[in-house]
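First up is the structure itself, then whatever we jot down about it.
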Amino acid sequence: MGQLDLRGEERLRQIVGSQGGLAPVVADLRRVLGVRVNVLVLGESGTGKEVIARALHEADPRRRHRPFVPLNCAALPEALLEAELFGYRQGAFTGAAAAHAGDFLQAEGGTLFLDEVGELPLALQPKLLRVLQERAVRRLGETREVGVDVRVVAATSRELGAAACRGEFRADLYYRLADFVIRVPPLRQRRQDLILLALHFLRACCRDFGREPCRLSPAAVAWLEARDWARNNVRELQVALKRALLLCEGSCIEPEHLEAAQLEEVSPAGALHQKLRAYEQVHLEEALARSQGNISAAARLLEMKRSTLCDRLARLGIRRQGRERD
Ligand SMILES: Nc1ncnc2c1ncn2[C@@H]1O[C@H](COP(=O)(O)OP(=O)(O)OP(=O)(O)O)[C@@H](O)[C@H]1O
Ligand SMILES: [Mg+2]
C-alpha cells in the first residue's frame with residue numbers, strides 16, 4: 001500500500017464514481033501512491049484515463065508539489081516529439097535557437113503523462129526505454145546524462161500487450177511502462193455512475209454558462225440509462241448533456257433535448273436528412289405539446305393538412321401525446 005495523506009484521500013474521493021464503478025480503480029491508485037513505479041492506464045476512448053492520471057499525481061504527497069507534464073504522443077511528428085521529450089542544447093539542430101529542458105527534466109520530481117503512448121513512433125521507443133532503465137536523460141546535442149526522478153504514467157486506448165505481440169510496439173518498452181496496469185472500465189460496465197456523472201456535468205455546464213441549475217426529468221434519466229455510450233464513453237455523455245442544455249430553454253432536460261443533441265453528434269456534416277429529421281421531430285413535438293396533443297389543432301399551428309401531419313408523425317414514430325415517451 002502506498003502513502004496517502006488526508007488531502008490525497010480527499011482528492012481521490014473527488015473522482016466521480018470513486019465510491020461506485022471506479023472503486024476498484026481508486027483502490028489500484030492507492031496501491032501505487034508514493035511508490036516509484038510507472039503506471040499504464042488502459043481504457044476505451046473517453047473513459048477518463050487522463051482524469052485518473054491527474055488524480056494519481058495530485059493525490060501523491062511526494063509528487064503533487066512537483067509538475068504534472070502531459071505530452072500527447074500522437075500529436076507531434078517524430079523529430080519534434082523527440083526534442084520535446086528529451087530536450088536539446090542551444091544550437092543542437094537548425095531551429096534550436098534556445099535550449100529546451102525537455103519534458104522529462106521539466107517533470108523532475110513529478111509525473112510525466114504520456115498520452116496515446118500506443119502511437120509513439122517505433123524509432124523513439126528504444127530511446128524512451130533507455131531513459132526509463134537508466135533513470136537518466138541526455139538532451140539532444142549533449143554528451144552528459146542527467147539523473148531524473150519522474151513517474152511515467154502512460155495511457156492508451158489500444159490493447160498495448162496485443163500490439164507488442166504483433167510487433168507494432170516494442171515488448172521491452174511495454175513491460176517497462178506497465179510496472180503497474182490500471183484498467184478504466186467503459187461506462188456501460190459501471191452503470192451506477194452514469195446519472196452521477198450526468199448530474200456532475202449538468203451542474204458544471206450550468207455554472208459555465210451562467211445559468212440557473214437545471215435538472216433531468218425522469219424520462220431523460222431513462223433515456224440516458226437506455227444507451228451504452230460505447231462510442232466515446234464519459235466524454236460522449238458530457239457532450240450530450242452540454243448540447244442538450246443548449247437546446248433546453250427551461251430548467252429541466254427532457255428526452256427530446258438529448259435526442260436532438262444526439263442526432264447532431266452522430267452526423268457531423270454529411271447526413272443532412274438526419275438533421276432535418278431531428279429538426280422536424282422537435283418542431284412537430286412542440287406543436288403537439290402546445291395543442292395538448294390535439295392533432296387538428298397542431299396541424300393548424302403548423303399550417304399543414306391534418307392527414308399530412310398524421311403521416312409525418314407515423315413516419316417519425318411520434319405518438320399523439322408528443323411528450324409521452326417510453
Ligand atoms: N470520473 C470522472 N469524473 C469527472 N469527469 C470525468 C470522469 N471521467 C471522465 N471525465 C471527463 O470526461 C472527459 C473525458 O475524460 P478523459 O479525457 O480523462 O478520457 P480519456 O480516457 O483520456 O479519453 P481519450 O481516450 O479520448 O483520450 C473529460 O472531460 C473528463 O473531465
Ligand atoms: Mg486522453
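By order in the C-alpha cells, chains are A, B, ...; within a chain, residues start at 1; ligands start at 1, following the order shown.
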
Long-range neighbours of A:Thr111 as an MDAnalysis selection string, 6 Å cut-off, only C-alpha atoms, 2 positions minimum in chain
chainID A and resid 68 107 150:152

Spatial neighbours of A:Pro255, 12 Å, only C-alpha atoms, chain gap at least 3 places, as a PDB file with C-alpha atoms, in the first residue's frame:
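See result25.pdb below for the written result:
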ATOM      1  CA  LEU A 216     -33.061  15.830 -15.530  1.00  0.00           C
ATOM      2  CA  SER A 217     -36.658  14.684 -15.981  1.00  0.00           C
ATOM      3  CA  PRO A 218     -37.356  11.034 -15.082  1.00  0.00           C
ATOM      4  CA  ALA A 219     -37.820  10.357 -18.813  1.00  0.00           C
ATOM      5  CA  ALA A 220     -34.417  11.921 -19.534  1.00  0.00           C
ATOM      6  CA  VAL A 221     -32.847   9.692 -16.875  1.00  0.00           C
ATOM      7  CA  ALA A 222     -34.430   6.667 -18.562  1.00  0.00           C
ATOM      8  CA  TRP A 223     -33.173   7.892 -21.947  1.00  0.00           C
ATOM      9  CA  LEU A 224     -29.616   8.181 -20.642  1.00  0.00           C
ATOM     10  CA  GLU A 225     -29.794   4.780 -18.990  1.00  0.00           C
ATOM     11  CA  ALA A 226     -31.007   3.077 -22.150  1.00  0.00           C
ATOM     12  CA  ALA A 240     -24.597  15.032 -24.980  1.00  0.00           C
ATOM     13  CA  LEU A 241     -25.517  16.937 -21.808  1.00  0.00           C
ATOM     14  CA  ALA A 244     -28.954  19.170 -24.575  1.00  0.00           C
ATOM     15  CA  LEU A 245     -28.566  22.059 -22.144  1.00  0.00           C
ATOM     16  CA  LEU A 247     -31.238  23.197 -26.685  1.00  0.00           C
ATOM     17  CA  CYS A 248     -33.236  23.357 -23.468  1.00  0.00           C
ATOM     18  CA  CYS A 252     -35.463  20.569 -16.938  1.00  0.00           C
ATOM     19  CA  LEU A 258     -30.977  14.772 -25.638  1.00  0.00           C
ATOM     20  CA  GLU A 259     -32.363  13.197 -28.793  1.00  0.00           C
ATOM     21  CA  ALA A 260     -31.804  16.293 -30.908  1.00  0.00           C
ATOM     22  CA  ALA A 261     -28.286  16.698 -29.480  1.00  0.00           C
ATOM     23  CA  GLN A 262     -27.544  13.050 -30.154  1.00  0.00           C
ATOM     24  CA  VAL A 282     -38.568  18.693 -32.367  1.00  0.00           C
ATOM     25  CA  GLU A 285     -43.489  17.635 -30.923  1.00  0.00           C
ATOM     26  CA  GLY A 322     -45.994  14.232 -28.039  1.00  0.00           C
ATOM     27  CA  ARG A 323     -44.207  14.436 -24.719  1.00  0.00           C
ATOM     28  CA  GLU A 324     -45.011  10.946 -23.632  1.00  0.00           C
ATOM     29  CA  ARG A 325     -42.176   8.538 -24.281  1.00  0.00           C
ATOM     30  CA  ASP A 326     -41.096   5.051 -23.402  1.00  0.00           C
TER      31      ASP A 326
END

Mind listing the residues within 10 Å of ligand 1, only C-alpha atoms and all ligand atoms counted, as a ChimeraX atom specification?
/A:14-18,21-22,41-54,72,115-116,155-158,184-187,193-194,196-198,200-201,232-239

Exercise: A:Pro67 partners within 9 Å, only C-alpha atoms, chain neighbours under 6 positions left out, as a ChimeraX atom specification
/A:57,106-112

So the first atom is atom CA of A:Arg138 and the second is atom CA of A:Phe86; what is the distance between them in Å, to one decimal place?
6.8 Å

Mind the document's chain letters and residue numbers, and return as a count of residues only the residues of stretch 61-257 of chain A that DSSP labels helix (DSSP H, G or I).
90

Would you kindly return, as number ranges by chain, each protein, DNA or RNA residue with an atom no farther than 10 Å from any atom of A:Gly118, considering only C-alpha atoms and excluding same-chain residues fewer than 6 positions away?
A: 73-74, 154-160, 163-164, 168-169, 174

Requested write-out: C-alpha atoms of the selected residues, as a short mmCIF file (atom, residue, chain, number, x, y, z; two decimals), in the first residue's frame:
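Below is the file that was written, result-v4.cif:
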data_model
loop_
_atom_site.label_atom_id
_atom_site.label_comp_id
_atom_site.auth_asym_id
_atom_site.auth_seq_id
_atom_site.Cartn_x
_atom_site.Cartn_y
_atom_site.Cartn_z
CA CYS A 73 2.48 11.15 -28.37
CA ALA A 74 0.12 11.23 -31.34
CA ALA A 154 1.25 6.30 -19.91
CA ALA A 155 -2.24 5.94 -21.35
CA THR A 156 -3.70 4.36 -24.42
CA SER A 157 -6.96 3.01 -25.73
CA ARG A 158 -5.05 0.36 -27.70
CA GLU A 159 -4.51 -3.11 -26.29
CA LEU A 160 -0.81 -2.49 -25.94
CA ALA A 163 0.18 -4.65 -30.20
CA ALA A 164 3.53 -5.73 -28.69
CA GLU A 168 3.73 -2.95 -33.54
CA PHE A 169 5.08 -1.79 -30.19
CA TYR A 174 5.68 -2.21 -22.93
#

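If you look at atom CA of A:Gly317 and atom CA of A:Glu280, they are 11.9 Å away from each other.
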
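Among the residues of stretch 56-121 of chain A, backbone DSSP assigns strand (DSSP E or B) to A:Phe68, A:Val69, A:Pro70, A:Leu71, A:Asn72, A:Tyr88, A:His100, A:Thr111, A:Leu112, A:Phe113, A:Leu114, A:Asp115.
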
Have a look at atom CA of A:Arg11 and atom CA of A:Glu212 and let me know their distance in Å, one decimal.
27.2 Å

Let me make sure I understand: among A:Val39, A:Ala299, A:Ala55, A:Ala278, which one has the smallest atom-to-atom distance to A:Gly8 if we use only C-alpha atoms?
A:Ala55

Can you list, as a ChimeraX atom specification, every protein, DNA or RNA residue that comes within 10 Å of A:Arg62 when you count only C-alpha atoms, leaving out same-chain residues fewer than 6 positions away?
/A:3-4,33-35,109-110

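Proximity of A:Asn38, A:Arg66, A:Leu284, A:Val117 to ligand 2, computed with only C-alpha atoms and all ligand atoms, is greatest for A:Val117.
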
With only C-alpha atoms as the counted atoms, please give the residues lying no more than 7 Å from A:Gly141, apart from itself and same-chain residues fewer than 6 positions off, as a ChimeraX atom specification.
/A:88-89,92

Min atom-atom distance to A:Leu40 from the set A:Glu303, A:Glu142, A:Glu249, A:Asp28, counting only C-alpha atoms, belongs to A:Asp28

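Proximity to A:Pro70 was assessed for A:Arg135, A:Val153, A:Cys310, A:Gln90 counting only C-alpha atoms; the smallest distance is recorded for A:Val153.
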
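You can rank A:Ala101, A:Arg63, A:Glu145, A:Arg190 by their closest distance to A:Gln19 using only C-alpha atoms, and at the top of that list sits A:Arg190.
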
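By only C-alpha atoms, and with residues fewer than 6 positions from A:Ser296 along its chain excluded, the set lying at most 12 Å from it is A:Ala287, A:Leu288, A:Arg290, A:Leu302, A:Glu303, A:Met304, A:Lys305, A:Arg306, A:Ser307, A:Thr308, A:Leu309, A:Cys310, A:Arg320.
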
Selection from above, N, CA and C atoms, as an mmCIF file, in the first residue's frame, can you write it?
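And here's selection.cif as it stands now:
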data_model
loop_
_atom_site.group_PDB
_atom_site.id
_atom_site.type_symbol
_atom_site.label_atom_id
_atom_site.label_comp_id
_atom_site.auth_asym_id
_atom_site.auth_seq_id
_atom_site.Cartn_x
_atom_site.Cartn_y
_atom_site.Cartn_z
ATOM 1 N N ALA A 287 -45.317 21.525 -31.450
ATOM 2 C CA ALA A 287 -46.673 21.909 -31.852
ATOM 3 C C ALA A 287 -47.696 21.040 -31.126
ATOM 4 N N LEU A 288 -47.398 19.746 -31.026
ATOM 5 C CA LEU A 288 -48.313 18.835 -30.330
ATOM 6 C C LEU A 288 -48.438 19.200 -28.857
ATOM 7 N N ARG A 290 -48.001 22.125 -27.557
ATOM 8 C CA ARG A 290 -48.730 23.397 -27.417
ATOM 9 C C ARG A 290 -50.222 23.214 -27.599
ATOM 10 N N LEU A 302 -49.189 24.366 -37.483
ATOM 11 C CA LEU A 302 -48.083 24.090 -38.414
ATOM 12 C C LEU A 302 -48.444 24.458 -39.857
ATOM 13 N N GLU A 303 -49.687 24.894 -40.016
ATOM 14 C CA GLU A 303 -50.211 25.246 -41.355
ATOM 15 C C GLU A 303 -50.043 24.080 -42.327
ATOM 16 N N MET A 304 -50.498 22.927 -41.884
ATOM 17 C CA MET A 304 -50.493 21.783 -42.802
ATOM 18 C C MET A 304 -51.783 20.996 -42.621
ATOM 19 N N LYS A 305 -52.063 20.117 -43.619
ATOM 20 C CA LYS A 305 -53.295 19.339 -43.535
ATOM 21 C C LYS A 305 -53.181 18.306 -42.410
ATOM 22 N N ARG A 306 -54.310 17.983 -41.793
ATOM 23 C CA ARG A 306 -54.303 17.024 -40.692
ATOM 24 C C ARG A 306 -53.739 15.673 -41.159
ATOM 25 N N SER A 307 -54.141 15.246 -42.374
ATOM 26 C CA SER A 307 -53.695 13.922 -42.854
ATOM 27 C C SER A 307 -52.173 13.914 -43.078
ATOM 28 N N THR A 308 -51.641 15.051 -43.552
ATOM 29 C CA THR A 308 -50.192 15.131 -43.762
ATOM 30 C C THR A 308 -49.461 15.011 -42.426
ATOM 31 N N LEU A 309 -49.988 15.727 -41.423
ATOM 32 C CA LEU A 309 -49.354 15.677 -40.099
ATOM 33 C C LEU A 309 -49.397 14.243 -39.557
ATOM 34 N N CYS A 310 -50.554 13.571 -39.733
ATOM 35 C CA CYS A 310 -50.661 12.177 -39.247
ATOM 36 C C CYS A 310 -49.597 11.306 -39.908
ATOM 37 N N ARG A 320 -49.225 10.369 -30.276
ATOM 38 C CA ARG A 320 -50.097 11.550 -30.200
ATOM 39 C C ARG A 320 -49.765 12.437 -29.012
#

Nearest to ligand 2: which of A:Leu56, A:Arg203, A:Val32, A:Leu114 is it, counting only C-alpha atoms and all ligand atoms?
A:Leu114
